[in-house]
Every structure is written in C-alpha cells, then in structure tokens.
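Asker: The structure that follows is given in the form of structure tokens.
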Protein chains: 4
Amino acid sequence: MLVAPVSLRQRLYRILFDQSTRCGRRVEALCGFFALFSVVIIFVESAIDSHYHLTFDQWHTFVYLELLITAVFTAEYFLRVLCWPQPAKYVFSFWGIIDLITVLPMYVLWLWPEISVNYVFAWRALRTIRILRVLKLLRYMSSLRVFWLAIVRARHQLMVFYFLIAIVMVVFGSLMYGIEGPENGFVTLGASVYWAVVTATTVGYGDIAPHTGVGRFVASLLILIGYSVIAIPTGLITTHMSNEYQNRRSTRVCPKCRHTGHEKNANYCSTCGTPLPEGK
Amino acid sequence: MLVAPVSLRQRLYRILFDQSTRCGRRVEALCGFFALFSVVIIFVESAIDSHYHLTFDQWHTFVYLELLITAVFTAEYFLRVLCWPQPAKYVFSFWGIIDLITVLPMYVLWLWPEISVNYVFAWRALRTIRILRVLKLLRYMSSLRVFWLAIVRARHQLMVFYFLIAIVMVVFGSLMYGIEGPENGFVTLGASVYWAVVTATTVGYGDIAPHTGVGRFVASLLILIGYSVIAIPTGLITTHMSNEYQNRRSTRVCPKCRHTGHEKNANYCSTCGTPLPEGK
Amino acid sequence: MLVAPVSLRQRLYRILFDQSTRCGRRVEALCGFFALFSVVIIFVESAIDSHYHLTFDQWHTFVYLELLITAVFTAEYFLRVLCWPQPAKYVFSFWGIIDLITVLPMYVLWLWPEISVNYVFAWRALRTIRILRVLKLLRYMSSLRVFWLAIVRARHQLMVFYFLIAIVMVVFGSLMYGIEGPENGFVTLGASVYWAVVTATTVGYGDIAPHTGVGRFVASLLILIGYSVIAIPTGLITTHMSNEYQNRRSTRVCPKCRHTGHEKNANYCSTCGTPLPEGK
Amino acid sequence: MLVAPVSLRQRLYRILFDQSTRCGRRVEALCGFFALFSVVIIFVESAIDSHYHLTFDQWHTFVYLELLITAVFTAEYFLRVLCWPQPAKYVFSFWGIIDLITVLPMYVLWLWPEISVNYVFAWRALRTIRILRVLKLLRYMSSLRVFWLAIVRARHQLMVFYFLIAIVMVVFGSLMYGIEGPENGFVTLGASVYWAVVTATTVGYGDIAPHTGVGRFVASLLILIGYSVIAIPTGLITTHMSNEYQNRRSTRVCPKCRHTGHEKNANYCSTCGTPLPEGK
C-alpha cells in the first residue's frame, strides 16, 4: 500500500522537475518567468513607494500581486519538498533555503500586520528579502560551473590575496587616520579603512578625500601600490577560468588509460605514453 | 528597353560606391568627410546654443549649414537606393537605417517648425539624432571585423556573465536599499541597482554613497567581489580577439609532424625541420 | 658553566618559536590571535572615541585592555630577543622592528601622560602605530613568497614604469595647472600632480576637476593615455607571478627531444613519447 | 687651419656627451640632477606662490635660483649645439626642442618683465613650460625602447580602437545630452562627451552625473559596454610589449642564415631549416 505514494511522488517529480522531459523544462521555465516577473513588480512597487508611501493594510494592486506570487511560490516549495527524492537534502540546500526565505515575508506581514505601519525599516527589509527571488534565476545558468570551478581551484591563492589586501587596507587606512584625522573626514579607523578600499579599488566616491599635502602623497602611494595588488585576484580567477575552458576543450581520450585533458599539440599520452588519436 | 536603366544603375554603382575603383573610394571619402564635418558643426552649434538658445525659425548660419548637409546626405541616400544591386537589402540594413534617420530631423522641422519653439526636449532630441551621423564613419573601419568576430564568438559566455553581473547587482543593490534606505540616497530599488553598477565597475560618482557602518562594509564587499566578476567580460573579449588574430596569422600545418602555429614568414617547421608548404 | 644558559635558550627557542614542533605552532597561533584581537579592539576604541573623546588618564576599559596586550607583546619581544639564535639579526629585522615599535606607545604614554591630554594628534599617531600590529599577521602567509619573488624579479621594469608614470603625471599635472589655474582648484603644482594621479588611475574623487573646455579635453587625453600606462606595472607583476608559479610547476626536461613544461603528473613526454625522469 | 676647431668640437663632444666615456656619463648625470633639482624648486615655488603671490620683479630666492638654472641649461644647450656631430639634427630633434623651450621663459621675462605683473595666466604658463624640464629625465630611460616599440608595432590597431572609442563616446554623450539635458549638467555636446569619457574609463568624478531613471539606465549600459572597449588598447600594448620582451630574450642565431627571434622550443631555423644550436 505504501508503494503507491512513493511512485506518485516519483511520477510527480518526473513531470514537474525532471529537466530531461519537456514538461519538466516547461515548469522550470514558468518558475523562472514568475521569479523575473516578481522582481520587476517589486522594482516598480519601490519606485511608486518612494512617492506615495504604500503600506500593507491598504489593499492596493501590489499587495494582491504579491499575494498571488507568494501563493505560486509556496505551492512550488511544497511540491518540491513533496516530490524531491531526498526532501531533507533539498530543504537544507542553497535553493531550498532561498525558496523558503523569499516566500516568508507575506506570512510575516499576515501574522504581524502592524510591522508595515510602525517600522519602515522592517517593511524595507521584507522587500529586500522578497527580491532575493532573483537568485532563483541562477538555476538556469549551468555554464557558470566553469566560473565556480575556477574560484574553487584558486581559493587558496584568492584567500591569501584578499588577506593581503585586508592588511594593506588596514595599514594605509590607519596611516591616513593618523595624518588627516577626523577634521578631514577620517572620523574613525573603520571609516579610514573604508576610504582605503574605495580608493585602492579606484572607486573613489569623494565623500572622504585627503586634504593635506602629506595625506595626498600617501593617498597617491596607496593608489599606485594598492592598484597592483587588487588586480591580482581578478587575474587569478581569469587565468584559472581560461585553464578550465582549455581543459574542457581538449576532449581527446587516451585509447589505453582513458586519461583526458591532454595538451592541444600532444602526440603521446602523458600518463602511459600511448600515441594519441588525431583530432581536436 | 528596360536593359538601359539597369545598366545605368550598374554603371552609377561602379562609379559612386564600388570600393575597388578610385572614383568610388573618393566618393566614400567625401561622404566620410561630410559626416565628420557635420558632427563638428553640431558640437559647435550645441556649445553656442548653451549661451544664446538658438531656435530653428531664426535663420542663422547653423540652419543654412544644416540645410546644405541634409541636402547632401539626402542625395547620397537616394543615390544609394537607386544604385544598389538590391535596394531593399540596403534600406533595411544598419547603414540604410542610419543614413535615413540622420536625414529626417530637418524635414521634421520643416513640416512642424513649431517644435523647435515650443518643445526644448524635441529640439534636443533632433540634435541627438543628427549626431548619429558619426556612425557613418564606422564604414571605414574594416579592421573592426576581428573585434566584432571576437564578440560574436564569445556571445554565449558574454551573455552568461552579463546575466550574472545583473543578478549580483540586483542582490547587492537591494541589500543596500534595505540597509541604508531612502534617507541616505538609496531612494528606490532602481537607484540602488544603479549605485551597485556605478560602484562595482569602480566608476564611483559619489552622488549616492553609503553612510552607515554596515552599509560601508557591504559596499566594500561588493567592490571587491563585483570587481573580479565585472572584469571577466573584458578578459573574454580580449582572449577571443587575440585568438582571432592568431588564427588569422597562420593555418599552415607541418606535413611531417603536424605542428601548427608557425610564424608567418617561416619556410621550415621549427620542430622537425621539414619544409613548409607555401600559403597564407 | 656557560653551556647551560645557551642550551636553555635553545630549548626555549625550540619550544616557543620552532615552527616544526606542535608547541611552536601553537605559540605562533596565539601571538597571531592576540595581534588580531588587539587590532579589533583599536577599531572599536576609535569608533567609540569619535563620540566620547577618550583620554589616557581616564582609566577606562580600553586602557586596561591595551595594558594587557602591551604586556603580552613585551613578553613576546623579550622572549624572542632572548631565545633567537642570533638576537641582533632579529632585532634589526623587519619583524623585530615591527614587534618593538607596536609595543612602545603605552610606554610613551606612561612616561609622558600629558601627551594624550594636550595633543590630539600625538594620541592619534600612537593609535596608528599600535595598529601596525596587523603586520604581524604577515608572518603566517608563507605563500606570499611567490608574489614577493615576482616583484623582485620585475623590479627593474617596475622602477622604469613607475618613473615613466611619475614623469607623465608631472607633465599633465603642470599642463592642467597652466590651463585651469587656482580658480578651478588646481592651486599648486603639487595639487595638480595629485589630481593627475587620482585621474589617470581612474579613482576620480571629484574634489578637483576641470571646468574649462580645454582643460576637459586635456583631462580626457590624460585619462586615455595614462590609463594604458598605469596598467603596465600590474600586468608586469601578474606575468612574473604566473611565471614563478609555472617555474615551480615543472623543471623536468625530456631526455630525447628536450621538450619542457610538462604537466606535474606526466610520465611520458607529450611530444615524442619518451618516458620522463622522476622528480619534481 | 679649419681642422683644428672641428677636432676641438669632436674632442668636446667626446668629453661632454659621449656616453661610452666616464666623463660623458658624469656630465649627463649632472644635467639630470639639475633638471630634477629645477623641477623640485618649481614645485616648492608654486606651493609658496599660492600663499604669497610671488612676482618676477621682487628679487626673491626663487628668481635667483631660476636665473642660475637657466644659465646652466643655456650653457648646456649651446655646448650641445656646438659639439654635436650634426647640429641641425640636434636642434630639430625632440630633445633639442625641449632643451630650448625650457630655457626661454626667463629670457621672455627679462625682455617683457611687465608680463609677470599684469598677466597671471602668462606667469603660470611660463611656469608650466619650465616644468617640462622633467622630460629631460627621459634621456636616462633607455629601457623604455621596448615600450615604445610595442606602441609603434600596435599603432594601427591602437588607432582603430581609439577611433572606435571616440565614436562610442560621441554616440553615448549625445544620447545623454538628449535624455538628461542642460538642467542635469549635460550643458553642451562637448560636456556630454567629456562625461562619457570620464564615465566609461571609470574615473567618475561626479561633477556631471545622470539624475533621471532613463539616463541612469543608459549610463549603466555605457559603463558596462565602454568598460570592455576601453580596456582593449591597454591589452594591445601589454601583449605587444611582452612579445617584444620574448623576441629579445631568445638570442639564438641561426648558424647559416643569421636569422634571429626563433621560438623558445624551436629545434630548426624557421627560415632555412638548419638545426639550431642548443642554448637559451
């Protein structure tokens, strides 16, 4: 008797979420469309809100739309939980958490409607959470795997360089804190380090900027030094990524030991010495 | 009887627009010169306009000049339509549309002269359209083909990364909207995403900038992360472009050891010493 | 009789600072933790100081914490001096100087407590010195050696390019000083060169910006030219660094065809199929 | 009889300017030192001038110093003209013009001293000319030849890309002029193109910035597109420069046809097929 629901679950999974069937791809596309639609709606809502200060208890269009979208995504969430081969694995995965979190705001407002009236910040925070639905779109970008692999491969070097950048920023930030001081906008050490990051990455807002001669000289030094250091993580990711692409491109397999990833102009397998077949 | 005009058309095309004859190149150069001249005139006109607010019904020098230029380009357009082997193909091509659009503003003003008096915006929009004549100069840059091919080859990867950038911008923009809020300039979600683009690309105008501690910390994160992601499309285009150049350089293969990538003027294979076949 | 203290010193060194023993690594980790802790404390202190203007003679929490940290680091310094195989070499090394300098501020304040009351600048300067403890963390980043080697190898080229950048900055800075002049913010030649650095590196604070037409044209030129020159040191470091990594990767040579650059785990030459010698 | 002065000239040239003799190198170093000294003096002068408005007819320290420096450089110029093997070639070379121009300001002030009193601009322009002495220091940077060769080799591609950048800037500048208009700072087409350059190169002063929603969207597009295009000239120069370095590094010469510039792992001369000697 217990076989039936399991097979129903399997059948549902194959119909709704299996990417190898046409129906599964359609459901996926529909979910993606809804996520995009929902994000656009929230952008429009925020633009109108800045003029007319919408609240939750006025039953305007955006509340109705949001209720509809929340209903759809709640249904999607429960269907996924029900149909997934290992529900627990889905619930605690990145996608499971995103799917759950972006559905909650409306329920929070439903339980405590006074939030939207009293606390402008909470209202804004809930909107921020709702907009995380945009992350659902990442599901459709399987080609980002190469990018992600490049980051994973370069993670040790990246950590070392981000750590080095952090130290350089702290040193230069505190130098400027000592030289320029609060009267020129370098109020705290934190603000000075923020200035150092904004400067060395060449963002340069100009909200905090050196005014004394010595300060400007140190800032010029930081710009020229920091500039060279900050570009390194970018270079690391790009190099690792192009390596990933090249490894993937050479698809020749050694006929004897099945080794892959040969150099483009290799004639012999580098693992067992067997001549490699001609080809791409 | 109908043969005559066709052959006249062919003869006109060969004289005016065929790049393999000296006369055709001269006509092309003249059109380019006129386009450049016209753009310079519009720049001067706009500089003077900002002081004396020119309108169309005062018959000043710039109106006369523009009438002359419009006449020249109208003649060019009709000649091209008449002479082109397949007129329809020209009319609906990129160049055909540019040639037509940049000629229209004067006729619009001639039919509805009140536009230039009543609507400053329309007046400015027409000037913007006229300045698109600068695009005609792209005709002379055949070497951009390599650049264009590189973009076409990298289009899938470029789309994936621009899409990823868009998602990162939306997530960080809405985070800052939640953290900083309208009181610090992050008025709408759209403005916050604009801030994220301006920040992650290191433009950093400073018209919108974080003021709270948490906001500055998130901004620093965005700068360091976004920085690495945003440089990737640039790297992709550069890599593909240098590949295009290399592919163009040499496609000769050593007949003995199958080594490729020989220097352009190499006579012998640099790996095994076999004479290389003649060729590109 | 003199053998005893020497062997005690050796034993202490082995226990406390020898990285090959577990105890040595633990002491090192503890020192690193204290350095990090101390830096965090100073950040918090500076944030609170910007509201309540702390001074040294009010015996608040931060003074007690700083006394504790100073005591720990003083002990560390003396232990290192006592235990090091060649104490003089340690004292005059980079680490020795950093360890000493970051310990001094509290003693200075203890001897001349009036400094913290009368001179806000000195108070700030001492805090800046204390924060240099963050440099102690560089001890744990042995992988930076590759980065450092790359800089050392490229030092001649780097110097040439930084010198070229300096000349370009001076020329453009003085040009803008001549064109824009003090009325547009280019007050002195120094400020103009500072503007040139901030502009060519694309930081662009906007505190000094051209306002005349000619000035804006020269600024655009500087941006496009300087941009290409300033990126070169970054490119040099990255190239040398990737070379260092590759050199490290493999120095094996094929005994038959002298091909180099084999993959790390290759057993056979990829060009001629000869077995490769064992080795790094 | 006429042989004597010629041989005197030759002897003087060998003593003063021949880089292969120790004396020649010393004179060169002295000239370089004077150029650097003079530039430092002008920086100090401009810093003091911004407080006390120095003029030429008050005989202060800087006038005396400048007279001394002018005398030295005048002597240098005449000696070079006298001693150079082909004086005309020197006079009309880059260095000859720089040497002459940077000497003139003091003579101009001596002939028309009223300039420094009446025209602040002329006074500043003369200072700008004097500071061009910094260009004399380029004489000592022979290693810049590789950089210069790279630019010369890439000049066609560079021109194409700078031309493309110019067109993109004009199109986006005029678009923003049409969208934002004078009320948001986009006063003239020239100012709009200046904004486009400042934005696409990620300088982003913030003196002109979009304020409307559409304008911000177009600006974001320009940033992302322009960013990829503007980095290309930098990439071109870097690639050509690293090629120059590599060509220079492989110093093996074909024993038969004297061809150089072989690939690093080449076994046979690519021009005549002769086996190449082992070696770097």
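Ordered as shown in the structure tokens, chains take letters A, B, and onward, while each chain numbers its residues from 1 and ligands are numbered from 1 in the order shown.
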Just the alpha helix (DSSP H) stuff from region 82-174 of chain A, please, per backbone DSSP, written as a PyMOL selection string.
Answerer: chain A and resi 82-83+87-91+94-101+104-111+114-118+120-131+144-153+155-174
Asker: Please return, as a count of residues only, all residues of chain A lying within 9 Å of chain B when only C-alpha atoms are considered.
Answerer: 49
Asker: Take CA of Cys83 (chain C) and CA of Val39 (chain C) and report the distance between them in Å, one decimal.
Answerer: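 A separation of 26.3 Å between them.
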Asker: Please provide as a ChimeraX atom specification all residues within 12 Å of Ala29 (chain B), with the sequence filter that same-chain residues fewer than 2 positions apart are discarded (counting only C-alpha atoms).
Answerer: /B:16-17,19,22-27,31-36,136-137,139-140
Asker: Once you have the residues from the selection above, write them out as a PDB file, in the first residue's frame, restricted to C-alpha atoms.
Answerer:
ATOM      1  CA  LEU B  16      29.967  56.043 -56.950  1.00  0.00           C
ATOM      2  CA  PHE B  17      30.123  53.216 -54.450  1.00  0.00           C
ATOM      3  CA  GLN B  19      35.388  50.447 -53.396  1.00  0.00           C
ATOM      4  CA  ARG B  22      39.484  55.092 -57.410  1.00  0.00           C
ATOM      5  CA  CYS B  23      36.353  57.158 -58.036  1.00  0.00           C
ATOM      6  CA  GLY B  24      34.281  55.012 -55.660  1.00  0.00           C
ATOM      7  CA  ARG B  25      36.877  55.437 -52.904  1.00  0.00           C
ATOM      8  CA  ARG B  26      36.861  59.190 -53.469  1.00  0.00           C
ATOM      9  CA  VAL B  27      33.078  59.434 -53.165  1.00  0.00           C
ATOM     10  CA  CYS B  31      30.827  61.212 -47.602  1.00  0.00           C
ATOM     11  CA  GLY B  32      33.059  60.455 -44.597  1.00  0.00           C
ATOM     12  CA  PHE B  33      34.417  63.985 -44.622  1.00  0.00           C
ATOM     13  CA  PHE B  34      30.892  65.419 -44.749  1.00  0.00           C
ATOM     14  CA  ALA B  35      29.794  63.213 -41.856  1.00  0.00           C
ATOM     15  CA  LEU B  36      32.763  64.372 -39.766  1.00  0.00           C
ATOM     16  CA  LYS B 136      28.700  56.532 -40.785  1.00  0.00           C
ATOM     17  CA  LEU B 137      32.425  56.699 -40.030  1.00  0.00           C
ATOM     18  CA  ARG B 139      32.125  52.171 -42.586  1.00  0.00           C
ATOM     19  CA  TYR B 140      35.841  52.954 -42.924  1.00  0.00           C
TER      20      TYR B 140
END
Asker: Find the residues near Phe62 (chain A): any atom within 9 Å, counting only C-alpha atoms, skip ones fewer than 3 places away on the same chain, and give them as a PyMOL selection string.
Answerer: chain A and resi 41-42+45+59+65-67
Asker: Between CA of Lys256 (chain D) and CA of Pro255 (chain B), measure the distance and give it in Å to one decimal.
Answerer: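 Value for the CA of Lys256 (chain D)-CA of Pro255 (chain B) distance: 23.5 Å.
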Asker: Work out how far CA of Gly185 (chain C) is from CA of Ser192 (chain D), in Å to one decimal.
Answerer: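 So the two atoms, CA of Ser192 (chain D) and CA of Gly185 (chain C), lie 21.4 Å apart.
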Asker: Which residues, written as a ChimeraX atom specification, have at least one atom at most 10 Å from His240 (chain C), with only C-alpha atoms counted and residues fewer than 3 positions away on the same chain left out?
Answerer: /C:146-147,149-154,235-237,243-246
